[in-house]
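Undergrad: The file below is upload28.csv, CSV, C-alpha atoms:
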```
chain,number,residue,atom,x,y,z
A,1128,MET,CA,0.0,0.0,0.0
A,1129,MET,CA,2.8,2.4,1.0
A,1130,SER,CA,4.7,1.6,-2.2
A,1131,LEU,CA,1.7,2.2,-4.3
A,1132,LYS,CA,1.0,5.5,-2.7
A,1133,PHE,CA,4.7,6.5,-3.0
A,1134,VAL,CA,4.9,5.7,-6.7
A,1135,PHE,CA,1.4,6.8,-7.9
A,1136,GLY,CA,0.5,9.5,-5.3
A,1137,PRO,CA,-3.2,10.2,-4.4
A,1138,CYS,CA,-4.6,8.3,-7.3
A,1139,ALA,CA,-3.4,5.0,-5.7
A,1140,LEU,CA,-6.2,5.1,-3.0
A,1141,GLN,CA,-8.7,6.2,-5.6
A,1142,ALA,CA,-7.8,3.3,-7.8
A,1143,LEU,CA,-8.1,0.9,-4.9
A,1144,ASP,CA,-11.5,2.3,-4.3
A,1145,LEU,CA,-12.5,1.5,-7.9
A,1146,VAL,CA,-11.1,-2.0,-7.4
A,1147,ASP,CA,-13.2,-2.5,-4.3
A,1148,ARG,CA,-16.3,-1.5,-6.3
A,1149,HIS,CA,-15.5,-4.0,-9.1
A,1150,SER,CA,-15.5,-1.2,-11.5
A,1151,VAL,CA,-13.2,-2.7,-14.2
A,1152,THR,CA,-14.6,-4.9,-17.0
A,1153,CYS,CA,-12.7,-6.6,-19.8
A,1154,LEU,CA,-14.6,-6.5,-23.0
A,1155,SER,CA,-14.0,-9.1,-25.6
A,1156,SER,CA,-15.3,-9.5,-29.2
A,1157,PRO,CA,-15.4,-12.5,-31.5
A,1158,SER,CA,-12.4,-11.2,-33.4
A,1159,GLY,CA,-10.3,-11.5,-30.3
A,1160,ARG,CA,-10.0,-7.8,-29.7
A,1161,LYS,CA,-10.1,-6.7,-26.1
A,1162,ALA,CA,-10.6,-3.4,-24.3
A,1163,PHE,CA,-11.2,-2.3,-20.7
A,1164,GLN,CA,-14.1,-0.3,-19.5
A,1165,VAL,CA,-13.9,1.4,-16.1
A,1166,MET,CA,-16.8,2.9,-14.3
A,1167,GLY,CA,-15.6,6.1,-12.7
A,1168,GLY,CA,-16.7,7.5,-9.4
A,1169,SER,CA,-19.3,9.8,-11.0
A,1170,GLY,CA,-20.8,7.0,-13.0
A,1171,CYS,CA,-18.9,7.8,-16.2
A,1172,LEU,CA,-17.6,4.9,-18.3
A,1173,TYR,CA,-14.1,5.1,-19.7
A,1174,THR,CA,-12.8,2.8,-22.4
A,1175,CYS,CA,-9.1,2.1,-22.1
A,1176,PHE,CA,-6.8,0.1,-24.3
A,1177,VAL,CA,-5.1,-3.2,-23.5
A,1178,SER,CA,-1.6,-2.5,-24.8
A,1179,CYS,CA,-0.9,1.2,-24.1
A,1180,HIS,CA,-1.9,4.0,-21.8
A,1181,TYR,CA,-4.8,6.1,-22.7
A,1182,CYS,CA,-7.9,7.2,-20.9
A,1183,PRO,CA,-10.5,9.7,-22.0
A,1184,CYS,CA,-10.9,11.1,-18.4
A,1185,PRO,CA,-10.1,14.7,-17.7
A,1186,ALA,CA,-7.4,13.7,-15.2
A,1187,PHE,CA,-5.4,11.8,-17.9
A,1188,ALA,CA,-5.7,14.7,-20.3
A,1189,TYR,CA,-4.6,17.3,-17.7
A,1190,THR,CA,-2.2,15.6,-15.3
A,1191,VAL,CA,-0.6,13.1,-17.7
A,1192,LEU,CA,-0.7,14.7,-21.1
A,1193,CYS,CA,-0.8,18.4,-20.4
A,1194,ARG,CA,1.2,18.7,-17.2
A,1195,ASN,CA,3.2,15.5,-17.5
A,1196,GLU,CA,2.9,15.2,-13.7
A,1197,GLY,CA,1.6,11.7,-13.5
A,1198,LEU,CA,2.3,8.3,-15.1
A,1199,LEU,CA,-1.3,7.4,-15.4
A,1200,CYS,CA,-4.8,8.1,-14.0
A,1201,LYS,CA,-6.7,6.2,-11.4
A,1202,HIS,CA,-8.7,4.3,-14.0
A,1203,ILE,CA,-5.6,2.9,-15.7
A,1204,LEU,CA,-4.1,2.0,-12.4
A,1205,ALA,CA,-7.3,0.3,-11.3
A,1206,ILE,CA,-7.0,-1.8,-14.5
A,1207,TYR,CA,-3.6,-3.0,-13.5
A,1208,LEU,CA,-4.6,-3.7,-9.9
A,1209,CYS,CA,-7.7,-5.6,-11.0
A,1210,GLN,CA,-5.7,-7.7,-13.3
A,1211,ALA,CA,-3.1,-8.4,-10.7
A,1212,MET,CA,-5.8,-9.4,-8.1
A,1213,GLY,CA,-7.9,-11.3,-10.6
A,1214,VAL,CA,-11.0,-9.3,-10.0
A,1215,THR,CA,-11.6,-8.0,-13.5
A,1216,GLN,CA,-15.2,-8.5,-14.7
A,1217,GLN,CA,-15.7,-10.1,-18.1
A,1218,ALA,CA,-18.2,-9.2,-20.8
A,1219,SER,CA,-18.7,-9.9,-24.5
A,1220,VAL,CA,-19.6,-7.5,-27.3
A,1221,SER,CA,-19.9,-7.9,-31.0
A,1222,ASP,CA,-17.1,-6.8,-33.4
A,1223,GLN,CA,-19.1,-3.7,-34.4
A,1224,GLN,CA,-19.8,-2.7,-30.8
A,1225,MET,CA,-16.1,-3.1,-30.1
A,1226,SER,CA,-15.2,-0.8,-33.0
A,1227,LEU,CA,-17.7,1.8,-31.7
A,1228,LEU,CA,-16.3,1.7,-28.2
A,1229,LEU,CA,-12.7,2.0,-29.4
A,1230,SER,CA,-13.4,4.9,-31.6
A,1231,GLU,CA,-15.8,7.0,-29.6
A,1232,THR,CA,-14.7,10.5,-29.1
A,1233,ALA,CA,-17.8,12.0,-27.4
A,1234,ALA,CA,-17.7,12.6,-23.7
A,1235,PRO,CA,-18.3,9.3,-21.9
A,1236,TRP,CA,-21.2,10.6,-19.9
A,1237,HIS,CA,-22.7,7.3,-19.0
A,1238,ARG,CA,-22.7,5.1,-22.0
A,1239,ASN,CA,-22.3,1.5,-21.2
A,1240,VAL,CA,-22.2,-1.6,-23.4
A,1241,TRP,CA,-26.0,-1.8,-23.5
A,1242,CYS,CA,-26.3,1.8,-24.7
A,1243,CYS,CA,-23.8,1.2,-27.4
A,1244,VAL,CA,-25.9,-1.5,-28.9
A,1245,GLN,CA,-28.9,0.7,-28.6
A,1246,GLN,CA,-30.6,-1.8,-26.3
A,1247,VAL,CA,-31.6,1.0,-24.1
A,1248,ASP,CA,-34.4,-1.1,-22.5
A,1249,GLN,CA,-31.7,-3.4,-21.2
A,1250,CYS,CA,-29.6,-0.6,-19.7
A,1251,PRO,CA,-29.5,-1.1,-15.9
A,1252,GLN,CA,-29.2,2.6,-15.4
A,1253,VAL,CA,-31.0,5.7,-16.7
A,1254,HIS,CA,-29.9,6.4,-20.2
A,1255,ARG,CA,-29.2,10.0,-21.2
A,1256,ASN,CA,-28.5,11.5,-24.6
A,1257,SER,CA,-24.9,11.0,-25.4
A,1258,MET,CA,-24.5,14.8,-26.0
A,1259,ASP,CA,-25.7,15.7,-22.5
A,1260,PRO,CA,-22.6,16.5,-20.5
A,1261,THR,CA,-24.3,16.2,-17.2
A,1262,PRO,CA,-23.3,12.9,-15.6
A,1263,CYS,CA,-26.0,10.6,-14.3
B,107,MET,CA,9.2,0.2,-38.5
B,108,ALA,CA,12.7,1.6,-38.7
B,109,ASP,CA,13.8,-1.5,-40.7
B,110,ILE,CA,11.2,-0.7,-43.4
B,111,LEU,CA,12.6,2.8,-43.7
B,112,THR,CA,16.1,1.5,-43.7
B,113,LEU,CA,15.1,-0.7,-46.6
B,114,VAL,CA,13.7,2.3,-48.4
B,115,PHE,CA,16.9,4.2,-48.1
B,116,ARG,CA,19.0,1.2,-48.9
B,117,THR,CA,16.9,0.5,-52.1
B,118,PHE,CA,17.8,3.9,-53.4
B,119,MET,CA,21.3,4.1,-52.1
B,120,SER,CA,24.0,5.6,-54.3
B,121,GLN,CA,26.4,3.3,-56.1
B,122,THR,CA,29.3,5.7,-55.5
B,123,GLY,CA,32.1,5.2,-53.0
B,124,LEU,CA,30.2,7.3,-50.5
B,125,GLN,CA,28.0,4.3,-49.8
B,126,LYS,CA,27.9,3.5,-46.1
B,127,ASP,CA,27.0,0.4,-44.2
B,128,LEU,CA,23.5,0.9,-42.9
B,129,SER,CA,23.6,-2.0,-40.5
B,130,ALA,CA,24.8,0.0,-37.6
B,131,ALA,CA,22.7,3.1,-38.4
B,132,PRO,CA,19.0,2.1,-37.9
B,133,PRO,CA,17.2,1.6,-34.6
B,134,PRO,CA,16.4,-1.9,-33.6
B,135,PRO,CA,13.4,-3.5,-35.4
B,136,THR,CA,11.6,-3.8,-32.0
B,137,ALA,CA,10.6,-0.2,-32.5
B,138,ARG,CA,7.3,-0.9,-34.2
B,139,SER,CA,6.1,2.7,-34.5
B,140,ALA,CA,7.8,5.6,-36.2
B,141,LEU,CA,6.9,9.2,-36.8
B,142,LEU,CA,8.2,11.3,-39.7
B,143,VAL,CA,8.4,15.0,-39.1
B,144,GLY,CA,9.1,17.3,-42.0
B,145,GLU,CA,7.7,19.0,-45.0
B,146,PRO,CA,4.5,17.4,-46.3
B,147,ASN,CA,5.7,16.6,-49.8
B,148,ILE,CA,8.9,14.8,-48.8
B,149,SER,CA,7.1,13.1,-45.9
B,150,ARG,CA,4.4,11.8,-48.2
B,151,SER,CA,7.0,10.6,-50.7
B,152,VAL,CA,8.8,8.7,-48.0
B,153,LEU,CA,5.5,7.2,-46.8
B,154,LEU,CA,4.6,6.1,-50.3
B,155,LEU,CA,8.0,4.5,-50.8
B,156,ALA,CA,7.7,2.8,-47.5
B,157,ALA,CA,4.3,1.4,-48.5
B,158,VAL,CA,5.6,0.2,-51.9
B,159,THR,CA,8.8,-1.2,-50.4
B,160,ALA,CA,6.9,-3.0,-47.7
B,161,ALA,CA,4.6,-4.5,-50.2
B,162,SER,CA,7.3,-5.6,-52.6
B,163,GLU,CA,10.3,-6.5,-50.5
B,164,ALA,CA,8.5,-7.8,-47.4
B,165,GLY,CA,5.2,-9.0,-49.0
B,166,MET,CA,3.2,-6.9,-46.5
B,167,ARG,CA,-0.3,-5.8,-46.8
B,168,VAL,CA,-0.4,-2.1,-46.3
B,169,ILE,CA,-3.2,0.3,-45.4
B,170,PHE,CA,-2.5,4.0,-46.2
B,171,PHE,CA,-4.7,6.7,-44.5
B,172,SER,CA,-4.6,10.2,-45.9
B,173,GLN,CA,-7.0,13.1,-45.7
B,174,THR,CA,-6.1,14.3,-49.2
B,175,GLN,CA,-6.2,12.0,-52.2
B,176,ILE,CA,-3.0,11.2,-53.9
B,177,GLN,CA,-3.2,12.7,-57.3
B,178,SER,CA,-0.1,11.3,-58.8
B,179,LEU,CA,2.8,9.0,-58.1
B,180,PRO,CA,6.5,9.6,-58.8
B,181,ALA,CA,7.0,8.8,-62.4
B,182,SER,CA,10.5,7.6,-61.7
B,183,LEU,CA,9.3,4.5,-59.9
B,184,PRO,CA,9.9,1.3,-61.8
B,185,ILE,CA,6.9,0.1,-63.6
B,186,PHE,CA,6.5,-3.0,-61.4
B,187,PHE,CA,6.0,-0.9,-58.4
B,188,PHE,CA,2.6,0.1,-59.8
B,189,LEU,CA,1.6,-3.5,-59.9
B,190,LEU,CA,2.2,-3.7,-56.2
B,191,LEU,CA,-0.4,-1.0,-55.5
B,192,LYS,CA,-3.1,-3.6,-55.3
B,193,LYS,CA,-1.4,-4.7,-52.1
B,194,ILE,CA,-1.8,-1.3,-50.7
B,195,ARG,CA,-5.3,-0.1,-49.7
B,196,PHE,CA,-5.8,3.7,-49.7
B,197,SER,CA,-8.3,5.2,-47.5
B,198,TYR,CA,-9.3,8.9,-47.3
B,199,PRO,CA,-11.1,9.7,-44.1
B,200,ARG,CA,-12.2,13.3,-44.0
B,201,THR,CA,-12.2,13.9,-40.3
B,202,VAL,CA,-10.5,12.5,-37.2
B,203,GLU,CA,-13.7,10.8,-36.2
B,204,GLU,CA,-13.8,8.9,-39.5
B,205,LEU,CA,-10.1,8.0,-39.1
B,206,LEU,CA,-10.8,6.7,-35.6
B,207,GLN,CA,-13.7,4.6,-36.8
B,208,GLN,CA,-11.7,3.1,-39.7
B,209,VAL,CA,-8.7,2.3,-37.6
B,210,ALA,CA,-10.9,0.9,-34.8
B,211,SER,CA,-12.6,-1.4,-37.3
B,212,LEU,CA,-9.4,-3.0,-38.6
B,213,HIS,CA,-9.9,-5.9,-36.2
B,214,GLU,CA,-13.1,-6.9,-37.9
B,215,PRO,CA,-13.0,-10.1,-40.0
B,216,THR,CA,-13.6,-8.1,-43.2
B,217,ASN,CA,-10.3,-6.4,-42.7
B,218,THR,CA,-8.2,-9.3,-41.4
B,219,SER,CA,-9.0,-11.9,-44.0
B,220,PRO,CA,-7.3,-13.5,-45.7
B,221,THR,CA,-4.3,-11.6,-44.2
B,222,PRO,CA,-4.4,-8.7,-41.8
B,223,PRO,CA,-2.5,-5.6,-42.7
B,224,SER,CA,1.1,-5.5,-41.4
B,225,LEU,CA,1.8,-1.9,-42.0
B,226,ILE,CA,-0.5,1.0,-41.1
B,227,ILE,CA,0.4,4.4,-42.5
B,228,VAL,CA,-1.2,7.7,-41.6
B,229,ASP,CA,-0.2,10.7,-43.7
B,230,ARG,CA,-0.2,14.2,-42.2
B,231,LEU,CA,-1.5,13.6,-38.7
B,232,GLU,CA,-1.7,17.4,-38.2
B,233,SER,CA,-4.5,17.7,-40.7
B,234,PHE,CA,-6.7,15.5,-38.5
B,235,LEU,CA,-5.8,17.2,-35.3
B,236,ARG,CA,-6.8,20.8,-35.8
B,237,ALA,CA,-9.8,20.9,-33.4
B,238,PRO,CA,-9.6,22.2,-29.8
B,239,GLY,CA,-8.6,19.5,-27.3
B,240,GLU,CA,-6.2,18.2,-29.8
B,241,GLN,CA,-3.8,16.8,-27.2
B,242,SER,CA,-6.3,14.3,-25.9
B,243,CYS,CA,-7.5,13.6,-29.4
B,244,ALA,CA,-3.9,13.0,-30.5
B,245,ALA,CA,-3.4,10.6,-27.6
B,246,HIS,CA,-6.6,8.7,-28.5
B,247,LEU,CA,-5.6,8.4,-32.1
B,248,CYS,CA,-2.0,7.3,-31.4
B,249,ALA,CA,-3.1,4.9,-28.7
B,250,LEU,CA,-5.7,3.4,-31.0
B,251,LEU,CA,-3.1,3.0,-33.7
B,252,CYS,CA,-0.6,1.3,-31.4
B,253,ASP,CA,-3.2,-1.0,-29.8
B,254,THR,CA,-4.5,-2.0,-33.2
B,255,ALA,CA,-1.0,-2.8,-34.3
B,256,ALA,CA,-0.5,-4.9,-31.2
B,257,PHE,CA,-3.7,-6.8,-31.9
B,258,LEU,CA,-2.8,-7.3,-35.6
B,259,THR,CA,0.6,-8.5,-34.5
B,260,HIS,CA,-1.1,-11.2,-32.4
B,261,ILE,CA,-3.2,-12.2,-35.4
B,262,LEU,CA,-0.2,-12.4,-37.7
B,263,GLY,CA,1.6,-14.5,-35.1
B,264,GLN,CA,-1.2,-16.9,-35.0
B,265,GLN,CA,-1.1,-17.3,-38.8
B,266,SER,CA,2.7,-17.8,-38.9
B,267,SER,CA,5.2,-18.1,-36.1
B,268,SER,CA,7.8,-16.3,-38.1
B,269,ALA,CA,5.5,-13.4,-39.1
B,270,ALA,CA,6.8,-9.9,-38.5
B,271,PRO,CA,4.9,-7.6,-36.2
B,272,CYS,CA,2.4,-5.1,-37.5
B,273,ARG,CA,4.0,-1.6,-37.8
B,274,VAL,CA,2.7,1.9,-37.7
B,275,LEU,CA,4.2,4.8,-39.6
B,276,ALA,CA,2.9,8.4,-39.5
B,277,SER,CA,3.9,11.8,-40.7
B,278,PHE,CA,3.4,15.1,-38.9
B,279,GLN,CA,4.3,18.6,-40.1
B,280,SER,CA,5.6,20.7,-37.2
B,281,GLU,CA,5.3,24.4,-37.4
B,282,VAL,CA,8.9,24.8,-36.1
B,283,ASP,CA,11.7,24.5,-38.6
B,284,PRO,CA,13.0,21.0,-37.8
B,285,GLY,CA,16.6,22.2,-38.5
B,286,GLN,CA,16.4,24.6,-35.5
B,287,ARG,CA,17.0,22.2,-32.8
B,288,GLY,CA,16.4,23.6,-29.4
B,289,GLY,CA,14.4,26.5,-30.9
B,290,GLU,CA,11.3,28.0,-29.4
B,291,ALA,CA,8.3,25.8,-28.9
B,292,SER,CA,5.6,26.1,-31.5
B,293,ALA,CA,1.8,25.7,-31.3
B,294,THR,CA,2.2,22.1,-32.5
B,295,GLN,CA,4.8,21.2,-29.8
B,296,PRO,CA,2.2,20.0,-27.2
B,297,VAL,CA,0.8,17.7,-29.8
B,298,LEU,CA,4.3,16.5,-30.7
B,299,ASP,CA,5.0,15.8,-27.1
B,300,VAL,CA,1.9,13.5,-27.0
B,301,LEU,CA,3.0,11.8,-30.3
B,302,ASP,CA,6.4,11.1,-28.8
B,303,ARG,CA,4.7,9.1,-26.0
B,304,TYR,CA,3.4,6.6,-28.5
B,305,PHE,CA,5.8,6.7,-31.4
B,306,LEU,CA,9.2,5.4,-30.1
B,307,VAL,CA,11.2,6.6,-33.0
B,308,ARG,CA,11.1,10.0,-34.7
B,309,TYR,CA,12.6,10.7,-38.1
B,310,THR,CA,13.0,14.5,-38.6
B,311,LEU,CA,13.5,15.4,-42.2
B,312,ASP,CA,15.3,18.7,-42.7
B,313,ARG,CA,16.3,20.2,-46.0
B,314,ASP,CA,19.9,21.5,-46.2
B,315,THR,CA,19.7,25.1,-47.5
B,316,GLY,CA,23.4,25.7,-47.4
B,317,TYR,CA,25.5,26.9,-50.3
B,318,GLU,CA,26.7,23.4,-51.2
B,319,ALA,CA,23.2,22.1,-51.7
B,320,THR,CA,22.3,25.1,-53.8
B,321,ALA,CA,25.4,24.9,-55.9
B,322,ALA,CA,24.7,21.3,-56.6
B,323,GLY,CA,21.8,22.2,-58.8
B,324,LEU,CA,19.1,19.6,-59.0
B,325,GLN,CA,20.5,17.7,-56.1
B,326,GLU,CA,19.3,18.5,-52.6
B,327,ILE,CA,20.7,17.3,-49.3
B,328,TRP,CA,18.3,16.2,-46.6
B,329,HIS,CA,19.3,15.7,-43.0
B,330,ILE,CA,17.5,12.9,-41.3
B,331,TYR,CA,17.6,13.0,-37.5
B,332,LEU,CA,16.7,9.9,-35.6
B,333,SER,CA,15.5,10.5,-32.0
B,334,GLY,CA,13.2,8.9,-29.4
B,335,SER,CA,13.3,6.2,-26.8
B,336,GLY,CA,13.4,3.5,-29.5
B,337,VAL,CA,16.7,4.6,-30.8
B,338,THR,CA,19.4,2.7,-28.9
B,339,GLU,CA,23.0,1.8,-29.3
B,340,VAL,CA,23.6,-1.9,-29.3
B,341,SER,CA,26.7,-2.8,-27.3
B,342,GLY,CA,29.3,-4.9,-29.1
B,343,ALA,CA,30.6,-6.4,-25.9
B,344,LYS,CA,30.2,-10.1,-25.2
B,345,ASP,CA,28.2,-9.4,-22.0
B,346,CYS,CA,25.9,-7.0,-23.8
B,347,GLU,CA,22.9,-8.5,-22.0
B,348,ASP,CA,24.2,-6.8,-18.9
B,349,THR,CA,24.7,-3.5,-20.6
B,350,PRO,CA,21.6,-1.4,-20.8
B,351,ALA,CA,20.8,0.0,-24.1
B,352,VAL,CA,21.3,3.7,-24.2
B,353,ALA,CA,19.1,6.0,-26.2
B,354,GLN,CA,21.0,8.1,-28.7
B,355,ASP,CA,20.0,10.6,-31.3
B,356,ARG,CA,21.4,9.9,-34.7
B,357,SER,CA,21.7,11.9,-37.9
B,358,LEU,CA,21.8,10.8,-41.5
B,359,ASP,CA,22.6,13.1,-44.4
B,360,VAL,CA,20.7,12.1,-47.5
B,361,LEU,CA,21.4,13.4,-50.9
B,362,LEU,CA,18.3,13.5,-53.1
B,363,GLU,CA,18.1,14.0,-56.8
B,364,LEU,CA,14.8,15.7,-57.6
B,365,ASP,CA,12.9,15.1,-60.8
B,366,PRO,CA,11.9,18.5,-62.1
B,367,SER,CA,9.1,17.0,-64.2
B,368,ILE,CA,7.1,16.1,-61.1
B,369,LYS,CA,4.9,19.0,-60.2
B,370,GLY,CA,2.9,19.1,-56.9
B,371,GLY,CA,1.9,15.9,-55.2
B,372,THR,CA,5.0,13.9,-54.6
B,373,GLN,CA,8.7,14.4,-55.5
B,374,SER,CA,11.1,11.7,-56.5
B,375,LEU,CA,13.5,10.3,-54.0
B,376,LYS,CA,15.4,8.4,-56.7
B,377,SER,CA,19.0,7.6,-56.5
B,378,LYS,CA,22.1,9.2,-55.0
B,379,PHE,CA,21.7,8.8,-51.3
B,380,LEU,CA,24.8,10.1,-49.5
B,381,LEU,CA,24.8,8.7,-46.0
B,382,SER,CA,27.0,9.7,-43.2
B,383,GLN,CA,26.2,8.8,-39.6
B,384,LYS,CA,26.6,11.2,-36.7
B,385,VAL,CA,25.8,10.2,-33.2
B,386,PHE,CA,24.8,12.8,-30.7
```
Go through the file and emit its structure as structure tokens.

TA:
Amino acid sequence: MMSLKFVFGPCALQALDLVDRHSVTCLSSPSGRKAFQVMGGSGCLYTCFVSCHYCPCPAFAYTVLCRNEGLLCKHILAIYLCQAMGVTQQASVSDQQMSLLLSETAAPWHRNVWCCVQQVDQCPQVHRNSMDPTPC
Amino acid sequence: MADILTLVFRTFMSQTGLQKDLSAAPPPPTARSALLVGEPNISRSVLLLAAVTAASEAGMRVIFFSQTQIQSLPASLPIFFFLLLKKIRFSYPRTVEELLQQVASLHEPTNTSPTPPSLIIVDRLESFLRAPGEQSCAAHLCALLCDTAAFLTHILGQQSSSAAPCRVLASFQSEVDPGQRGGEASATQPVLDVLDRYFLVRYTLDRDTGYEATAAGLQEIWHIYLSGSGVTEVSGAKDCEDTPAVAQDRSLDVLLELDPSIKGGTQSLKSKFLLSQKVF
């Protein structure tokens, strides 16, 4: 714990909190492509890549990219921790759904797998318009 | 990726006594992504030659992304090169969103059968990254390219144990004169900093505007600077495994003979490559 906090700073505890909430899901498609989806503290879903660091969250854009003050954000760290602890959730999506998730550039204000496939009636949470910046 | 570019330079190397051994010059082939920084015309020419060389010499399937259509090809290319164009798929996304969608869909079976692409080329990244928030967008695009290449490498490995990894090559025109090393940062520097996170090797193409180049007439000298964490010096010691690789910048001086009949579009990179290696 001390080592994590020493290396990653405040986001270590935030990442562990995400781990405790089982917030990390590994998505797989029939082609074999994989991606991670992390449910943030405010209910936002962030899609991250398997082989390199990127997260669409504001913290990654500001702290990592702009200020170069951090190695990664809490979402990416939570992915690593979940994998190490074997608590990553698993889910399957179609190849087209995977392509959509990997390419989406809109603000990830609550769009989960169900919303991407337009199966809104199966979405476990309230579905808002993707252009609405207000988080659920 | 650097091995493909080395092949491009070697293919057109001069037959004069100035020919140098390229084996010690290039970065290790483990650097699967490379970024070309320089003038659009020369960068596009290098990208096209890389695509054609990869398709002909290495038998690779290539996908070439560009915002602007390629109107003409260098006439000085040998005729058989044009027959290889069927191994190269050209795609012209108009926006960064379209480019993201097309790259993201490369994992789908329609794009991986019978053989997935082994070389992904993106021409003029800066033309796609003009909107506000371009740093995050640049990171998204670069990360997607790298992750896609990693996935396609896995697919290629499943098809053949000796298959080469999938590589990514992109060009970017910086607003700063690439010859002015250590100069003031430009508006594109923040984006370049992001690109350097994902592209391990950078080739900076800089035209020599000195008297010698001008006096040479049609011939121009281009300096090619290699930089990035993917450029390392391989130790020749027997215990090289214990010696950590050290990142070093390198410089190549390339003498180009331009074909004056080519107007606009691309310029010829044919013949007379003068190579001298400087290590910084």

Undergrad: Hey, list the chain A side of the contact with chain B: 9 Å cut-off, all atoms listed in the file, answer as an NGL selection string.

TA: :A and (1157-1161 or 1176-1183 or 1187-1189 or 1192-1193 or 1222-1223 or 1225-1232)

Undergrad: I'd like the interatomic distance between atom CA of Asn217 of chain B and atom CA of Ser277 of chain B, to a tenth of an Å.

TA: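 Here the two named atoms are 23.2 Å from each other.
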
Undergrad: I'd like the interatomic distance between atom CA of Leu1131 of chain A and atom CA of Ala244 of chain B, to a tenth of an Å.

TA: 28.9 Å

Undergrad: Determine the nearest neighbour of Ser1155 of chain A from the options A:Met1212, A:Val1191, A:Gly1197, A:Gln1217, counting only C-alpha atoms.

TA: A:Gln1217

Undergrad: Do you know which residues are at most 9 Å from Arg138 of chain B counting all atoms listed in the file, after dropping those on the same chain fewer than 6 positions away, and could you put them as a list in words?

TA: Met107, Ala108, Cys252, Ala255, Pro271, Cys272, Arg273, Val274, Leu275, Phe305, Leu306, Val307 and Gly336 of chain B

Undergrad: If I take atom CA of Ile169 of chain B and atom CA of Ile110 of chain B, how far is one from the other in Å, to one decimal?

TA: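 Taking atom CA of Ile169 of chain B as the start and atom CA of Ile110 of chain B as the end point, the length is 14.6 Å.
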
Undergrad: Go through A:Gln1216, A:Ser1130, A:Ser1221, A:Asn1195 one by one, measure the shortest atom-to-atom distance of each to Phe1163 of chain A using all atoms listed in the file, and give the residue with the smallest value.

TA: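 Between A:Gln1216, A:Ser1130, A:Ser1221, A:Asn1195, the residue approaching Phe1163 of chain A most closely is A:Gln1216.
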